[in-house]
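Asks: Mind having a look at this structure? Questions to follow.
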Amino acid sequence: MRHLLSIADLTRDDVERILETAEALQDVDEKLPALRGKLVLSLFFESSTRTSSSFELAAKRLSADVMSLKAAGSSVDKGESLKDTVLTLAQYDPQAIVVRHPQIGAPLLVARHSNAAVVNAGDGKHQHPTQALLDLFTMRQALGVLDGRHVAIVGDVLHSRVARSLIQALALVGANTTLVGPPTLLPRGIEAMGCETASEIGAIAAADVVYVLRMQRERMESAFVPSLREYAARWGVTPERVRPGQKVMHPGPINRGVEIDGRVADSTDSLILEQVRAGLAVRMAVLHDLLASDSPVRERAAVA
Amino acid sequence: MSTLFCRNGRSDSLVLEGRLAGGECVAVTVTDGVIAALAPAAATAHVLAPAFVDPHVHLRSPGREDEETIASGTAAAAAGGYCAILAMPNTDPVVDSATVLGSLVETARRDAVIPTGFMAAISKRLDGEELTEMGELADAGAAAFTDDGRPVTSAGLMRRALQYGAVTGRTLALHCEEPTLSRDGQVHEGAVAAELGFAPYPSLAESAMVERDLSLAAYEARPLHLMHLSAKESVAALRHAHERGIEATAEVTPHHLVLTDEAVRSLDPNVKMNPPLRAEDDRQALIEALRDGTIACVATDHAPHSREEKETPFEAAPFGVIGLETSFAALYTHLVQTGLVPLETLLERMSGGPARALGLPEPKLEVGARANLVLLDLEREWTVTESGFRSRSANSWLLGRTLRGAVLKTVADGRLVHAA
């Protein structure tokens, strides 16, 4: 694997390999030497808490040097183009660049203008591949084999890079996906990705996993839904709408009382905090796969 | 008065030998810019045809001379086999007054390599609120009227333009886009946009406006010209209008005839245009319409953008691609060689079709006509490269591609303006 820009670029073998590596790394509580002497550059042009922190920690756990830049307060504020920012930072010879950007195609541009392995940490409404991988990891930990399992993704699919990456990732491992939400937020033509769509919340009943997407306030302004109140009433995932044993996931940050009822988010069937933990292991696995795939995963610091 | 302007210069005398689309080989003698004689000639592989006319070019002057000038854009057109082009008025400042138009005409008389016409805006500042002084603009040499780049959103203003435009004797050329349907849209609404996450720009945004404008044209019994059609629904609406006797002409671009929205998967900013690339059945409908004459014109919508503007993430890049220097080769390679459109039809849709649609002199290969000729080598293969353009910009969707068919010579209004 040269870069991780989109789940669409991965094979099932790639996914299996990364998830296996993540499994081997998940309960490591010491620093591993795999990326010693390597520089991981973290470039966030959009706000993020969990993704940026988990990438940073993942790189540090693998002994990489980490340099983090945020758009605010940088030369980007002075009107520097993405290309020039990348050309400038490429002079430090980073081995990997983790990039989040509000515009589709930004990670590809970064890949074209540097020699580093590029990891897409979210580009516009396009892709968020490490989120999809950590979601698969979480599901597999909870359910075992995912072949033939059924996942319902609920909410604002139209504006969700998480949903797009996850649909592709689930298809790669043989799971079935149903998208559930208001017709205005289910993009026309999305079925071609190999999923079904439904506008009634009842469609989540048969799913092994209910994956809830964040509902953003901005969507009200464009008349996608009349109000958050009506959205919550019709599509909110409440205790009445899920059954015991049905797993519930959410990429965070959650809006309690809007897309997900707090009682569901806090229930024993909720995997939301497991997802955060999986994020660290999966991002370590991705960096390891890109930068140190020829070295054993669990080479110990003391041995190195 | 004439609506095409060109730099002064002596007409040429020369002889061109080539095979006509019909098959016979002729030697055309041009004396002082006029076709003086047509005589049988020995067999030759080169094709000789009336030169091309492009009804839709952005010359970016005034305002963005870094991207294109009248001199560079017309040189590019000459290299592409064109003997006349029409420039769009969405410049900075907008061509919405006789003053701005006058300065363009003056520059064209000094710099234009081939005859060049200038469209003027329908609405002042292109803001869709008030009509320009269309009468005065026509008197000053406006070739036609358009708000290209933007639709005339208000149906009321569009109707007024049709009514009042009658006094100018010029065509109204329309960019059909219902902005509340295309809003923020970047990519054709369908499986590709859904998968990649782009804000969708549905075919309906175009065809709903096409239908509105055709209804207005029917009601006012006035002709109009539909620019850069992209959707099968628009083609169907145009066909239906023709059956009802509405005088509507239309154009289609090489990129909409060759590419589909699948090309957007590359995330290459050089496949981002407005209207967007659409689905394969749209492309097939456009090809069929070009073949049967429902769409009578090929138009490049040559839209130069600086390298900086296009070296951005796809989503941040401006719409538009250049096309003057590649149009014939792209269409010969992808439509003629594949058997989709006969060569003769393509040559007509690039020359006589657009000339008649916009009321320009029709290039004719006959004795007594001003010489407007293009000599083509259909065997030559060449690769499109960034450094190969006469245009000041290189934002081509064809970069790196190998095409077949090259323009060897162009004669425009009696002058040899390009010789490869």
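Letters A, B, ... mark the chains of the structure tokens in the order given; residue numbers begin at 1 per chain; ligand numbers begin at 1, in order shown.
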At a cut-off of 7 Å, list the chain A residues touching chain B, using only C-alpha atoms, as an mmCIF file with N, CA and C atoms, in the first residue's frame.
Replies:
```
data_model
loop_
_atom_site.group_PDB
_atom_site.id
_atom_site.type_symbol
_atom_site.label_atom_id
_atom_site.label_comp_id
_atom_site.auth_asym_id
_atom_site.auth_seq_id
_atom_site.Cartn_x
_atom_site.Cartn_y
_atom_site.Cartn_z
ATOM 1 N N GLN A 103 -12.070 19.942 1.407
ATOM 2 C CA GLN A 103 -12.393 19.778 -0.009
ATOM 3 C C GLN A 103 -12.024 18.401 -0.550
ATOM 4 N N ILE A 104 -12.939 17.834 -1.313
ATOM 5 C CA ILE A 104 -12.735 16.539 -1.956
ATOM 6 C C ILE A 104 -11.520 16.625 -2.877
ATOM 7 N N GLY A 105 -10.651 15.655 -2.777
ATOM 8 C CA GLY A 105 -9.504 15.606 -3.682
ATOM 9 C C GLY A 105 -8.240 16.190 -3.086
ATOM 10 N N ALA A 106 -8.312 16.823 -1.891
ATOM 11 C CA ALA A 106 -7.120 17.428 -1.306
ATOM 12 C C ALA A 106 -6.016 16.400 -1.004
ATOM 13 N N LEU A 109 -4.056 15.611 -4.082
ATOM 14 C CA LEU A 109 -3.138 16.703 -4.435
ATOM 15 C C LEU A 109 -1.874 16.639 -3.572
ATOM 16 N N LYS A 125 -16.836 15.589 1.714
ATOM 17 C CA LYS A 125 -17.861 14.566 1.926
ATOM 18 C C LYS A 125 -17.482 13.269 1.236
ATOM 19 N N HIS A 126 -16.215 13.148 0.892
ATOM 20 C CA HIS A 126 -15.750 12.043 0.070
ATOM 21 C C HIS A 126 -15.426 10.787 0.882
ATOM 22 N N ARG A 161 -18.930 11.588 4.794
ATOM 23 C CA ARG A 161 -17.785 10.822 4.272
ATOM 24 C C ARG A 161 -17.638 9.515 5.032
ATOM 25 N N ARG A 164 -19.884 6.946 3.279
ATOM 26 C CA ARG A 164 -19.344 6.479 1.980
ATOM 27 C C ARG A 164 -18.217 5.472 2.166
ATOM 28 N N PRO A 187 -28.517 10.150 -1.115
ATOM 29 C CA PRO A 187 -28.172 10.624 -2.453
ATOM 30 C C PRO A 187 -28.718 9.727 -3.563
ATOM 31 N N ARG A 188 -29.219 10.361 -4.600
ATOM 32 C CA ARG A 188 -29.738 9.638 -5.763
ATOM 33 C C ARG A 188 -28.584 8.868 -6.415
ATOM 34 N N GLY A 189 -28.810 7.581 -6.625
ATOM 35 C CA GLY A 189 -27.773 6.780 -7.283
ATOM 36 C C GLY A 189 -26.863 6.032 -6.322
ATOM 37 N N ILE A 190 -27.054 6.217 -5.005
ATOM 38 C CA ILE A 190 -26.149 5.608 -4.021
ATOM 39 C C ILE A 190 -26.262 4.076 -4.018
ATOM 40 N N ALA A 192 -25.958 2.139 -6.296
ATOM 41 C CA ALA A 192 -24.920 1.553 -7.148
ATOM 42 C C ALA A 192 -23.691 1.135 -6.338
ATOM 43 N N MET A 193 -23.580 1.631 -5.095
ATOM 44 C CA MET A 193 -22.460 1.224 -4.252
ATOM 45 C C MET A 193 -22.706 -0.146 -3.630
#
```
Asks: Residues at most 9 Å from Ala112 in chain B, counting only C-alpha atoms, excluding those fewer than 2 positions away in the same chain, as a VMD selection string?
Replies: chain B and resid 5 to 7 70 to 75 107 to 110 114 to 116
Asks: What's the 7 Å shell around Pro55 in chain B, counting only C-alpha atoms, without same-chain residues fewer than 6 positions away, as a VMD selection string?
Replies: chain B and resid 85 to 86 299 354
Asks: Take the selection from the previous step and output its residues with C-alpha atoms, as a short mmCIF file (atom, residue, chain, number, x, y, z; two decimals), in the first residue's frame.
Replies:
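The result, stored in out05.cif:
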```cif
data_model
loop_
_atom_site.label_atom_id
_atom_site.label_comp_id
_atom_site.auth_asym_id
_atom_site.auth_seq_id
_atom_site.Cartn_x
_atom_site.Cartn_y
_atom_site.Cartn_z
CA ILE B 85 -14.98 32.51 -33.23
CA LEU B 86 -17.38 34.27 -30.90
CA ALA B 299 -18.84 24.53 -29.60
CA PRO B 354 -22.57 27.08 -36.10
#
```
Asks: If we count only C-alpha atoms, what is near Ser267 in chain A at a cut-off of 12 Å, once residues fewer than 3 positions away on the same chain are taken out, given as a PyMOL selection string?
Replies: chain A and resi 238-239+242-249+260-264+270-273
Asks: Leaving out Leu25 in chain A and any residue of its chain fewer than 2 positions from it, which residues lie within 8 Å of it when counting only C-alpha atoms, given as an NGL selection string?
Replies: :A and (21-23 or 27-28 or 281 or 284-285 or 297-298)
Asks: Dump C-alpha atoms for the selected residues as an mmCIF file, in the first residue's frame?
Replies:
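This went into again33.cif:
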```
data_model
loop_
_atom_site.group_PDB
_atom_site.id
_atom_site.type_symbol
_atom_site.label_atom_id
_atom_site.label_comp_id
_atom_site.auth_asym_id
_atom_site.auth_seq_id
_atom_site.Cartn_x
_atom_site.Cartn_y
_atom_site.Cartn_z
ATOM 1 C CA THR A 21 -2.152 -5.823 12.528
ATOM 2 C CA ALA A 22 -4.543 -3.710 14.572
ATOM 3 C CA GLU A 23 -5.509 -6.751 16.584
ATOM 4 C CA ASP A 27 -3.348 -4.001 23.863
ATOM 5 C CA VAL A 28 0.200 -2.826 23.526
ATOM 6 C CA ALA A 281 -5.046 0.471 17.174
ATOM 7 C CA MET A 284 -1.201 2.429 14.384
ATOM 8 C CA ALA A 285 -1.822 -0.472 12.008
ATOM 9 C CA VAL A 297 4.448 -5.867 14.121
ATOM 10 C CA ARG A 298 5.313 -6.500 17.749
#
```
Asks: So the first atom is CA of Leu69 in chain A and the second is CA of Gln95 in chain A; what is the distance between them in Å, to one decimal place?
Replies: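 Answer for the CA of Leu69 in chain A to CA of Gln95 in chain A separation: 15.7 Å.
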Asks: Give the answer as one residue: which of A:Ser199, A:Gln275, A:Ser160, A:Thr268 has the shortest atom-to-atom distance to Arg219 in chain A, using only C-alpha atoms?
Replies: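 Once distances to Arg219 in chain A are computed over only C-alpha atoms, the minimum belongs to A:Ser160.
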Asks: Can you tell me which residues surround Leu38 in chain B at a distance of at most 10 Å, considering only C-alpha atoms, apart from same-chain residues fewer than 4 positions away, and format the answer as an MDAnalysis selection string?
Replies: chainID B and resid 15:17 25:30 365:367
Asks: DSSP on the backbone, then: every residue of range 75-321 of chain B marked strand (DSSP E or B), written as a PyMOL selection string.
Replies: chain B and resi 82-87+116-120+123+131+142-146+171-174+187-188+200-201+224-226+248-252+297-298+302+321
Asks: For the selection you just gave me, I'd like the residues written to a file as a compact mmCIF listing (two decimals), in the first residue's frame, keeping N, CA and C atoms.
Replies:
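Everything below was put into selection.txt:
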```txt
# COMPACT_ATOMS: atom_id res chain seq x y z
N TYR B 82 -9.94 26.94 -37.05
CA TYR B 82 -11.08 27.87 -37.03
C TYR B 82 -10.82 29.11 -37.88
N CYS B 83 -11.89 29.56 -38.57
CA CYS B 83 -11.80 30.81 -39.33
C CYS B 83 -12.64 31.90 -38.69
N ALA B 84 -13.40 31.57 -37.67
CA ALA B 84 -14.19 32.58 -36.95
C ALA B 84 -14.56 32.03 -35.58
N ILE B 85 -14.54 32.91 -34.58
CA ILE B 85 -14.98 32.51 -33.23
C ILE B 85 -15.80 33.64 -32.62
N LEU B 86 -16.62 33.27 -31.67
CA LEU B 86 -17.38 34.27 -30.90
C LEU B 86 -16.93 34.20 -29.44
N ALA B 87 -16.64 35.37 -28.87
CA ALA B 87 -16.15 35.44 -27.49
C ALA B 87 -17.29 35.79 -26.55
N THR B 116 -13.11 37.63 -35.35
CA THR B 116 -13.60 37.36 -34.00
C THR B 116 -14.81 38.24 -33.72
N GLY B 117 -15.85 37.63 -33.20
CA GLY B 117 -17.03 38.38 -32.81
C GLY B 117 -17.15 38.39 -31.30
N PHE B 118 -17.85 39.38 -30.78
CA PHE B 118 -18.02 39.49 -29.33
C PHE B 118 -19.49 39.47 -28.99
N MET B 119 -19.86 38.56 -28.13
CA MET B 119 -21.22 38.59 -27.62
C MET B 119 -21.28 39.62 -26.50
N ALA B 120 -22.43 40.27 -26.38
CA ALA B 120 -22.63 41.20 -25.27
C ALA B 120 -23.61 40.57 -24.29
N SER B 123 -28.02 40.91 -19.54
CA SER B 123 -28.34 41.76 -18.39
C SER B 123 -27.09 42.50 -17.92
N LEU B 131 -32.00 44.77 -18.39
CA LEU B 131 -31.44 44.53 -19.72
C LEU B 131 -30.32 45.51 -20.02
N ALA B 142 -22.02 44.05 -31.47
CA ALA B 142 -22.26 42.81 -30.72
C ALA B 142 -22.75 41.72 -31.67
N ALA B 143 -22.14 40.54 -31.57
CA ALA B 143 -22.48 39.45 -32.50
C ALA B 143 -23.75 38.73 -32.07
N ALA B 144 -24.00 38.72 -30.79
CA ALA B 144 -25.17 38.04 -30.23
C ALA B 144 -25.22 38.46 -28.76
N PHE B 145 -26.23 37.98 -28.03
CA PHE B 145 -26.36 38.32 -26.62
C PHE B 145 -26.42 37.06 -25.77
N THR B 146 -25.73 37.12 -24.64
CA THR B 146 -25.74 35.98 -23.72
C THR B 146 -25.32 36.44 -22.33
N THR B 171 -29.00 37.04 -32.27
CA THR B 171 -29.47 35.85 -31.56
C THR B 171 -29.26 35.98 -30.05
N LEU B 172 -30.17 35.37 -29.30
CA LEU B 172 -29.95 35.23 -27.85
C LEU B 172 -29.39 33.82 -27.63
N ALA B 173 -28.26 33.75 -26.95
CA ALA B 173 -27.62 32.46 -26.68
C ALA B 173 -27.72 32.22 -25.18
N LEU B 174 -28.24 31.05 -24.80
CA LEU B 174 -28.62 30.86 -23.39
C LEU B 174 -27.86 29.74 -22.70
N VAL B 187 -20.98 17.95 -9.69
CA VAL B 187 -20.89 16.74 -10.51
C VAL B 187 -22.30 16.25 -10.80
N HIS B 188 -22.49 15.73 -12.00
CA HIS B 188 -23.79 15.17 -12.42
C HIS B 188 -24.42 14.31 -11.33
N PRO B 200 -24.57 17.29 -5.82
CA PRO B 200 -25.07 16.89 -7.14
C PRO B 200 -25.64 18.06 -7.96
N TYR B 201 -25.41 17.98 -9.27
CA TYR B 201 -25.91 18.98 -10.23
C TYR B 201 -26.77 18.16 -11.20
N LEU B 224 -33.98 31.23 -30.63
CA LEU B 224 -32.92 31.29 -29.62
C LEU B 224 -31.91 30.18 -29.83
N HIS B 225 -30.78 30.33 -29.16
CA HIS B 225 -29.70 29.37 -29.29
C HIS B 225 -29.36 28.83 -27.90
N LEU B 226 -29.37 27.50 -27.77
CA LEU B 226 -29.10 26.87 -26.47
C LEU B 226 -27.64 26.44 -26.43
N ALA B 248 -35.18 26.96 -32.68
CA ALA B 248 -34.13 26.88 -31.66
C ALA B 248 -32.95 26.11 -32.22
N THR B 249 -31.76 26.66 -32.02
CA THR B 249 -30.55 25.93 -32.38
C THR B 249 -29.82 25.58 -31.09
N ALA B 250 -28.86 24.67 -31.21
CA ALA B 250 -28.16 24.26 -30.00
C ALA B 250 -26.75 23.81 -30.33
N GLU B 251 -25.92 23.84 -29.30
CA GLU B 251 -24.53 23.42 -29.45
C GLU B 251 -24.19 22.36 -28.40
N VAL B 252 -23.12 21.63 -28.68
CA VAL B 252 -22.62 20.62 -27.75
C VAL B 252 -21.09 20.69 -27.78
N CYS B 297 -24.46 22.37 -33.92
CA CYS B 297 -23.15 22.99 -33.72
C CYS B 297 -22.31 22.25 -32.69
N VAL B 298 -21.02 22.14 -33.01
CA VAL B 298 -20.03 21.82 -32.00
C VAL B 298 -19.48 23.15 -31.50
N HIS B 302 -14.35 26.87 -24.89
CA HIS B 302 -12.94 27.08 -24.52
C HIS B 302 -12.87 28.03 -23.32
N VAL B 321 -12.70 24.10 -19.22
CA VAL B 321 -11.50 23.52 -19.85
C VAL B 321 -11.28 24.21 -21.19
```
Asks: Excluding same-chain residues fewer than 3 positions from Val258 in chain B, what lies within 7 Å of it counting only C-alpha atoms, as a PyMOL selection string?
Replies: chain B and resi 254-255+334
Asks: Could you take the residues named above and write them with C-alpha atoms, as a short mmCIF file (atom, residue, chain, number, x, y, z; two decimals), in the first residue's frame?
Replies:
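Result file part-v4.cif:
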```
data_model
loop_
_atom_site.label_atom_id
_atom_site.label_comp_id
_atom_site.auth_asym_id
_atom_site.auth_seq_id
_atom_site.Cartn_x
_atom_site.Cartn_y
_atom_site.Cartn_z
CA PRO B 254 -16.35 17.93 -27.44
CA HIS B 255 -15.98 17.01 -23.77
CA HIS B 334 -13.60 9.48 -30.52
#
```
Asks: Using only C-alpha atoms, which of the listed residues (B:Trp382, B:Tyr219, B:Phe328, B:Phe319) sits closest to Leu403 in chain B?
Replies: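 Selected residue with least distance to Leu403 in chain B: B:Trp382.
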Asks: Tell me, which residues of range 112-309 of chain B carry DSSP alpha helix (DSSP H), written as a ChimeraX atom specification?
Replies: /B:134-139,155-165,179-182,191-196,203-220,232-243,254-258,280-292,307-309
Asks: Identify which of the residues A:Gly155, A:Gly79, A:Pro251, A:Gly181 lies closest to Ala278 in chain A, counting only C-alpha atoms when measuring atom-to-atom distances.
Replies: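 Of the candidates, the smallest distance to Ala278 in chain A is held by A:Pro251.
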